[in-house]
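Source file my_file29.pdb; content: PDB, C-alpha atoms.
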ATOM      1  CA  MET A 202      14.020  17.287 -19.290
ATOM      2  CA  ALA A 203      15.188  15.300 -16.270
ATOM      3  CA  ILE A 204      17.977  16.376 -13.946
ATOM      4  CA  ILE A 205      19.758  13.662 -12.019
ATOM      5  CA  GLY A 206      22.810  13.809  -9.770
ATOM      6  CA  PRO A 207      24.232  12.878  -6.361
ATOM      7  CA  SER A 208      22.446  13.980  -3.185
ATOM      8  CA  GLY A 209      23.421  17.473  -2.119
ATOM      9  CA  CYS A 210      24.668  18.635  -5.511
ATOM     10  CA  GLY A 211      22.056  21.397  -5.721
ATOM     11  CA  LYS A 212      19.300  19.949  -7.923
ATOM     12  CA  SER A 213      16.451  21.176  -5.724
ATOM     13  CA  THR A 214      18.121  24.546  -5.181
ATOM     14  CA  PHE A 215      18.427  24.940  -8.943
ATOM     15  CA  LEU A 216      14.673  24.458  -9.364
ATOM     16  CA  ARG A 217      13.946  26.942  -6.582
ATOM     17  CA  ILE A 218      16.164  29.508  -8.271
ATOM     18  CA  ILE A 219      14.252  29.040 -11.521
ATOM     19  CA  ASP A 220      10.964  29.382  -9.622
ATOM     20  CA  GLY A 221      12.205  32.592  -8.003
ATOM     21  CA  LEU A 222      12.019  31.175  -4.469
ATOM     22  CA  VAL A 223      15.790  31.410  -3.902
ATOM     23  CA  PRO A 224      18.124  34.097  -5.307
ATOM     24  CA  PRO A 225      21.243  32.826  -7.107
ATOM     25  CA  ASP A 226      24.640  33.528  -5.530
ATOM     26  CA  SER A 227      25.838  34.649  -8.941
ATOM     27  CA  GLY A 228      24.570  34.761 -12.490
ATOM     28  CA  SER A 229      21.001  35.207 -13.662
ATOM     29  CA  VAL A 230      18.076  33.102 -14.849
ATOM     30  CA  TYR A 231      15.994  34.247 -17.807
ATOM     31  CA  LEU A 232      12.666  32.810 -18.913
ATOM     32  CA  GLY A 233      11.101  34.099 -22.099
ATOM     33  CA  GLY A 234      13.752  36.801 -22.278
ATOM     34  CA  LYS A 235      12.899  38.163 -18.804
ATOM     35  CA  GLU A 236      15.093  37.836 -15.745
ATOM     36  CA  VAL A 237      13.644  35.825 -12.869
ATOM     37  CA  THR A 238      13.689  38.011  -9.750
ATOM     38  CA  GLY A 239      11.002  36.254  -7.708
ATOM     39  CA  PRO A 240       7.954  34.000  -7.954
ATOM     40  CA  GLY A 241       5.686  34.837 -10.833
ATOM     41  CA  LYS A 242       3.305  33.714 -13.504
ATOM     42  CA  GLY A 243       4.554  31.212 -16.020
ATOM     43  CA  ARG A 244       6.032  28.706 -13.563
ATOM     44  CA  GLY A 245       4.373  25.884 -11.673
ATOM     45  CA  MET A 246       6.147  23.940  -8.909
ATOM     46  CA  VAL A 247       5.399  20.441  -7.660
ATOM     47  CA  PHE A 248       7.229  19.489  -4.461
ATOM     48  CA  GLN A 249       8.165  16.084  -3.099
ATOM     49  CA  GLY A 250       6.407  16.669   0.222
ATOM     50  CA  PHE A 251       3.008  17.548  -1.304
ATOM     51  CA  ASP A 252       2.931  20.940   0.534
ATOM     52  CA  LEU A 253      -0.846  21.120   0.571
ATOM     53  CA  PHE A 254      -2.697  23.387   2.975
ATOM     54  CA  PRO A 255      -4.274  21.010   5.524
ATOM     55  CA  TRP A 256      -7.182  23.389   6.190
ATOM     56  CA  ARG A 257      -8.138  23.561   2.506
ATOM     57  CA  THR A 258     -10.110  21.025   0.529
ATOM     58  CA  THR A 259      -8.837  19.556  -2.729
ATOM     59  CA  LEU A 260     -10.728  22.207  -4.674
ATOM     60  CA  LYS A 261      -9.461  25.053  -2.517
ATOM     61  CA  ASN A 262      -5.868  23.791  -2.687
ATOM     62  CA  VAL A 263      -6.010  23.687  -6.486
ATOM     63  CA  GLU A 264      -7.594  27.151  -6.550
ATOM     64  CA  PHE A 265      -4.788  28.688  -4.486
ATOM     65  CA  GLY A 266      -2.463  29.754  -7.316
ATOM     66  CA  LEU A 267      -5.395  31.141  -9.267
ATOM     67  CA  GLU A 268      -6.419  33.210  -6.248
ATOM     68  CA  LEU A 269      -2.949  34.738  -6.140
ATOM     69  CA  LEU A 270      -3.280  35.619  -9.825
ATOM     70  CA  GLY A 271      -6.591  37.351  -9.166
ATOM     71  CA  VAL A 272      -8.665  34.990 -11.296
ATOM     72  CA  PRO A 273     -12.406  35.560 -10.671
ATOM     73  CA  LYS A 274     -14.064  32.952  -8.455
ATOM     74  CA  ALA A 275     -16.305  31.358 -11.073
ATOM     75  CA  GLU A 276     -13.423  30.919 -13.512
ATOM     76  CA  ARG A 277     -10.992  29.560 -10.947
ATOM     77  CA  VAL A 278     -13.566  27.027  -9.713
ATOM     78  CA  GLU A 279     -14.219  25.879 -13.276
ATOM     79  CA  ARG A 280     -10.502  25.596 -14.077
ATOM     80  CA  SER A 281      -9.732  23.844 -10.800
ATOM     81  CA  ARG A 282     -12.474  21.280 -11.331
ATOM     82  CA  TYR A 283     -11.166  20.621 -14.828
ATOM     83  CA  PHE A 284      -7.669  19.808 -13.592
ATOM     84  CA  ILE A 285      -8.957  17.804 -10.645
ATOM     85  CA  ASP A 286     -10.802  15.634 -13.157
ATOM     86  CA  LEU A 287      -7.713  15.519 -15.374
ATOM     87  CA  VAL A 288      -5.589  13.955 -12.614
ATOM     88  CA  GLY A 289      -8.320  11.463 -11.759
ATOM     89  CA  LEU A 290      -9.657  13.009  -8.541
ATOM     90  CA  GLY A 291     -13.204  13.779  -9.602
ATOM     91  CA  GLY A 292     -15.446  13.214  -6.595
ATOM     92  CA  PHE A 293     -12.752  14.259  -4.085
ATOM     93  CA  GLU A 294     -13.165  18.026  -4.496
ATOM     94  CA  ASN A 295     -14.336  18.460  -0.899
ATOM     95  CA  ALA A 296     -11.839  16.093   0.723
ATOM     96  CA  TYR A 297      -9.107  17.440   2.996
ATOM     97  CA  PRO A 298      -5.468  16.305   2.626
ATOM     98  CA  HIS A 299      -5.612  14.027   5.681
ATOM     99  CA  GLN A 300      -8.441  12.146   3.983
ATOM    100  CA  LEU A 301      -6.335  11.419   0.893
ATOM    101  CA  SER A 302      -3.579   8.882   0.281
ATOM    102  CA  GLY A 303      -0.072  10.068  -0.530
ATOM    103  CA  GLY A 304      -0.590   9.419  -4.226
ATOM    104  CA  MET A 305      -3.857  11.342  -4.201
ATOM    105  CA  GLN A 306      -2.217  14.264  -2.413
ATOM    106  CA  GLN A 307       0.488  14.358  -5.053
ATOM    107  CA  ARG A 308      -2.193  14.424  -7.738
ATOM    108  CA  VAL A 309      -3.645  17.498  -6.013
ATOM    109  CA  GLY A 310      -0.197  19.111  -6.157
ATOM    110  CA  ILE A 311       0.076  18.378  -9.867
ATOM    111  CA  ALA A 312      -3.406  19.743 -10.512
ATOM    112  CA  ARG A 313      -2.581  22.907  -8.553
ATOM    113  CA  ALA A 314       0.565  23.478 -10.615
ATOM    114  CA  LEU A 315      -1.189  22.843 -13.930
ATOM    115  CA  ALA A 316      -4.185  25.036 -13.071
ATOM    116  CA  VAL A 317      -2.152  28.239 -13.406
ATOM    117  CA  ASP A 318      -1.253  27.174 -16.971
ATOM    118  CA  PRO A 319       2.511  27.494 -16.502
ATOM    119  CA  GLU A 320       4.889  27.829 -19.409
ATOM    120  CA  ILE A 321       7.298  25.603 -17.509
ATOM    121  CA  LEU A 322       6.515  22.964 -14.904
ATOM    122  CA  LEU A 323       9.152  22.400 -12.205
ATOM    123  CA  MET A 324       8.981  19.045 -10.438
ATOM    124  CA  ASP A 325      11.232  18.328  -7.457
ATOM    125  CA  GLU A 326      11.284  14.561  -6.911
ATOM    126  CA  PRO A 327       7.482  14.535  -6.870
ATOM    127  CA  PHE A 328       7.214  10.757  -6.519
ATOM    128  CA  GLY A 329      10.187  10.164  -4.236
ATOM    129  CA  SER A 330       8.174   9.484  -1.080
ATOM    130  CA  LEU A 331       5.588   7.192  -2.676
ATOM    131  CA  ASP A 332       5.465   3.418  -2.783
ATOM    132  CA  VAL A 333       6.625   1.712  -5.969
ATOM    133  CA  GLN A 334       3.167   0.858  -7.301
ATOM    134  CA  THR A 335       1.789   4.381  -6.751
ATOM    135  CA  ARG A 336       4.922   5.929  -8.209
ATOM    136  CA  ASP A 337       4.651   3.855 -11.391
ATOM    137  CA  LEU A 338       0.973   4.731 -11.776
ATOM    138  CA  LEU A 339       1.653   8.453 -11.362
ATOM    139  CA  GLN A 340       4.540   8.316 -13.803
ATOM    140  CA  ASP A 341       2.144   7.003 -16.442
ATOM    141  CA  GLU A 342      -0.489   9.574 -15.452
ATOM    142  CA  LEU A 343       2.018  12.425 -15.674
ATOM    143  CA  ALA A 344       3.300  11.214 -19.042
ATOM    144  CA  ARG A 345      -0.285  11.123 -20.351
ATOM    145  CA  ILE A 346      -1.052  14.652 -19.144
ATOM    146  CA  LEU A 347       2.165  16.159 -20.459
ATOM    147  CA  GLU A 348       1.770  14.457 -23.825
ATOM    148  CA  ARG A 349      -1.686  15.987 -24.028
ATOM    149  CA  ASP A 350      -0.716  19.519 -22.962
ATOM    150  CA  LYS A 351       2.819  19.640 -24.443
ATOM    151  CA  LYS A 352       4.263  21.353 -21.370
ATOM    152  CA  THR A 353       7.945  22.102 -20.856
ATOM    153  CA  VAL A 354       9.034  20.232 -17.719
ATOM    154  CA  LEU A 355      12.162  20.221 -15.569
ATOM    155  CA  PHE A 356      12.017  17.045 -13.505
ATOM    156  CA  VAL A 357      14.495  16.433 -10.669
ATOM    157  CA  THR A 358      14.819  12.802  -9.651
ATOM    158  CA  HIS A 359      17.156  10.300  -8.032
ATOM    159  CA  GLY A 360      15.627   7.499 -10.102
ATOM    160  CA  ILE A 361      17.594   6.615 -13.212
ATOM    161  CA  GLU A 362      14.757   4.548 -14.717
ATOM    162  CA  GLU A 363      12.267   7.313 -13.912
ATOM    163  CA  ALA A 364      14.436   9.860 -15.720
ATOM    164  CA  ILE A 365      14.755   7.680 -18.833
ATOM    165  CA  TYR A 366      11.066   6.752 -18.850
ATOM    166  CA  LEU A 367       9.718  10.306 -18.504
ATOM    167  CA  ALA A 368      12.272  12.581 -20.158
ATOM    168  CA  ASP A 369      13.389  13.332 -23.694
ATOM    169  CA  ARG A 370      16.703  14.659 -22.398
ATOM    170  CA  ILE A 371      18.667  13.929 -19.223
ATOM    171  CA  LEU A 372      21.233  16.194 -17.569
ATOM    172  CA  VAL A 373      23.619  14.183 -15.399
ATOM    173  CA  LEU A 374      25.204  16.388 -12.727
ATOM    174  CA  SER A 375      28.405  15.816 -10.782
ATOM    175  CA  SER A 376      28.797  16.194  -7.030
ATOM    176  CA  ARG A 377      29.292  19.659  -5.541
ATOM    177  CA  PRO A 378      30.151  22.016  -7.031
ATOM    178  CA  ALA A 379      27.738  20.621  -9.587
ATOM    179  CA  LYS A 380      28.667  20.566 -13.242
ATOM    180  CA  ILE A 381      26.938  18.915 -16.164
ATOM    181  CA  GLN A 382      28.793  15.660 -16.751
ATOM    182  CA  MET A 383      26.729  14.609 -19.733
ATOM    183  CA  THR A 384      23.578  15.414 -21.655
ATOM    184  CA  ILE A 385      21.778  12.314 -22.876
ATOM    185  CA  GLU A 386      19.103  12.378 -25.561
ATOM    186  CA  VAL A 387      16.501   9.703 -24.879
ATOM    187  CA  PRO A 388      15.713   7.950 -28.190
ATOM    188  CA  PHE A 389      12.256   6.537 -27.408
ATOM    189  CA  SER A 390       9.118   7.923 -29.021
ATOM    190  CA  ARG A 391       5.880   8.658 -27.180
ATOM    191  CA  PRO A 392       3.616   7.384 -25.812
ATOM    192  CA  ARG A 393       5.863   5.044 -23.807
ATOM    193  CA  THR A 394       4.974   1.811 -22.069
ATOM    194  CA  ASP A 395       6.690  -0.335 -19.456
ATOM    195  CA  GLU A 396       8.048  -2.566 -22.207
ATOM    196  CA  ILE A 397      10.753  -0.030 -23.035
ATOM    197  CA  LYS A 398      12.299  -0.636 -19.607
ATOM    198  CA  THR A 399      13.662  -3.934 -20.904
ATOM    199  CA  HIS A 400      14.796  -2.498 -24.252
ATOM    200  CA  PRO A 401      18.573  -2.880 -24.779
ATOM    201  CA  GLU A 402      18.995   0.872 -25.386
ATOM    202  CA  PHE A 403      17.093   1.679 -22.186
ATOM    203  CA  LEU A 404      19.366  -0.654 -20.241
ATOM    204  CA  ALA A 405      22.449   0.835 -21.908
ATOM    205  CA  ILE A 406      21.426   4.387 -20.959
ATOM    206  CA  ARG A 407      20.677   3.265 -17.401
ATOM    207  CA  GLN A 408      24.143   1.732 -17.117
ATOM    208  CA  ARG A 409      25.794   4.838 -18.595
ATOM    209  CA  VAL A 410      24.065   7.146 -16.100
ATOM    210  CA  TRP A 411      24.829   4.809 -13.203
ATOM    211  CA  GLU A 412      28.522   4.749 -14.090
ATOM    212  CA  LEU A 413      28.618   8.551 -14.170
ATOM    213  CA  LEU A 414      26.874   8.847 -10.810
ATOM    214  CA  LYS A 415      29.029   6.144  -9.254
ATOM    215  CA  THR A 416      32.225   7.820 -10.453
ATOM    216  CA  SER A 417      31.046  11.192  -9.166
ATOM    217  CA  ALA A 418      30.163   9.735  -5.757
ATOM    218  CA  THR A 419      33.545   8.011  -5.546
ATOM    219  CA  LEU A 420      35.439  11.195  -6.379
ATOM    220  CA  SER A 421      33.441  13.254  -3.864
ATOM    221  CA  GLY A 422      33.916  10.637  -1.160
TER
END

Output the file's structure in the form of structure tokens.
Amino acid sequence: MAIIGPSGCGKSTFLRIIDGLVPPDSGSVYLGGKEVTGPGKGRGMVFQGFDLFPWRTTLKNVEFGLELLGVPKAERVERSRYFIDLVGLGGFENAYPHQLSGGMQQRVGIARALAVDPEILLMDEPFGSLDVQTRDLLQDELARILERDKKTVLFVTHGIEEAIYLADRILVLSSRPAKIQMTIEVPFSRPRTDEIKTHPEFLAIRQRVWELLKTSATLSG
């Protein structure tokens, strides 16, 4: 599911509350029938700014969450190598972040989140700082991985086309205080290709979301 809304409406904060990094001002979040009271197993977070440890190699960065879970060394190395290969970084296990491009660093972040086998993957504008070509390539890569593993994903984005292309459902938020303006079911089957971006229904959904965001921005201004 994609979450889209005006800047400052609380999209990123919402993800951090779900991940247990930020306590809610009111209300509660439950995952699998259990209240979220802090970071824990079952959630994986991918940030926009990569957030890799500069002193750790690709392999060691991907291992990090598994270390926190107490996974034995041999198993965490095996699992980390598997997900490094899955995101197309085989051969870069011993590279440090400064030796990797932005797109490669984001692949490391995705591998690190997937390695802990989360029930839900939280993605906070993971491709927002990348160039258009790299972003499009990683969108396709992410779609391939998620189709394979059938993960539940909450994906925050400012990109209307990105939301339609990746998600099965889109929540359109208003400006602060954020409310759900509309829930849109995306009608396209998977796997998806770039051709759907010119489909009349794709264009109609894009226009509908844009009108909602534009109206919300006008009212808040």

*Pick from A:Gln300, A:Arg308, A:Lys380, A:Val317: nearest to Val272 in chain A, with only C-alpha atoms counted?*
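The closest residue to Val272 in chain A is A:Val317.
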
*Could you please determine the separation between CA of Asp325 in chain A and CA of Glu276 in chain A in Å, to one decimal place?*
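Between CA of Asp325 in chain A and CA of Glu276 in chain A the gap is 28.3 Å.
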
*Mind giving me the straight-line distance from CA of Val230 in chain A to CA of Pro388 in chain A in Å, one decimal?*
28.6 Å

*To verify the selection step, state as a ChimeraX atom specification which residues the PyMOL selection byres ((chain A and resi 366) around 12) yields on this input.*
/A:202-203,337,340-341,343-344,356,358,360-365,367-371,386-400,402-404,406-407

Would you kindly return, as a compact mmCIF listing (two decimals) with C-alpha atoms, keeping the file's coordinate frame, each protein, DNA or RNA residue with an atom no farther than 12 Å from any atom of range 265-270 of chain A, considering all atoms listed in the file and excluding same-chain residues fewer than 2 positions away?
# COMPACT_ATOMS: atom_id res chain seq x y z
CA PRO A 240 7.95 34.00 -7.95
CA GLY A 241 5.69 34.84 -10.83
CA LYS A 242 3.30 33.71 -13.50
CA GLY A 243 4.55 31.21 -16.02
CA ARG A 244 6.03 28.71 -13.56
CA GLY A 245 4.37 25.88 -11.67
CA MET A 246 6.15 23.94 -8.91
CA LEU A 253 -0.85 21.12 0.57
CA PHE A 254 -2.70 23.39 2.98
CA ARG A 257 -8.14 23.56 2.51
CA THR A 258 -10.11 21.02 0.53
CA THR A 259 -8.84 19.56 -2.73
CA LEU A 260 -10.73 22.21 -4.67
CA LYS A 261 -9.46 25.05 -2.52
CA ASN A 262 -5.87 23.79 -2.69
CA VAL A 263 -6.01 23.69 -6.49
CA VAL A 272 -8.66 34.99 -11.30
CA PRO A 273 -12.41 35.56 -10.67
CA LYS A 274 -14.06 32.95 -8.46
CA ALA A 275 -16.30 31.36 -11.07
CA GLU A 276 -13.42 30.92 -13.51
CA ARG A 277 -10.99 29.56 -10.95
CA VAL A 278 -13.57 27.03 -9.71
CA GLU A 279 -14.22 25.88 -13.28
CA ARG A 280 -10.50 25.60 -14.08
CA SER A 281 -9.73 23.84 -10.80
CA VAL A 309 -3.64 17.50 -6.01
CA GLY A 310 -0.20 19.11 -6.16
CA ILE A 311 0.08 18.38 -9.87
CA ALA A 312 -3.41 19.74 -10.51
CA ARG A 313 -2.58 22.91 -8.55
CA ALA A 314 0.56 23.48 -10.62
CA LEU A 315 -1.19 22.84 -13.93
CA ALA A 316 -4.18 25.04 -13.07
CA VAL A 317 -2.15 28.24 -13.41
CA ASP A 318 -1.25 27.17 -16.97
CA PRO A 319 2.51 27.49 -16.50

_Coordinates-based distance that separates CA of Thr214 in chain A from CA of Arg409 in chain A (Å, one decimal)_ =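 So the two atoms, CA of Arg409 in chain A and CA of Thr214 in chain A, lie 25.0 Å apart.
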
So that all listed atoms of range 403-417 of chain A fit with 6 Å spare on each side, what axis-aligned box centre and edge lengths in Å, to one decimal, would you give as AutoDock Vina command-line options?
--center_x 24.7 --center_y 5.3 --center_z -15.7 --size_x 27.1 --size_y 23.8 --size_z 25.0
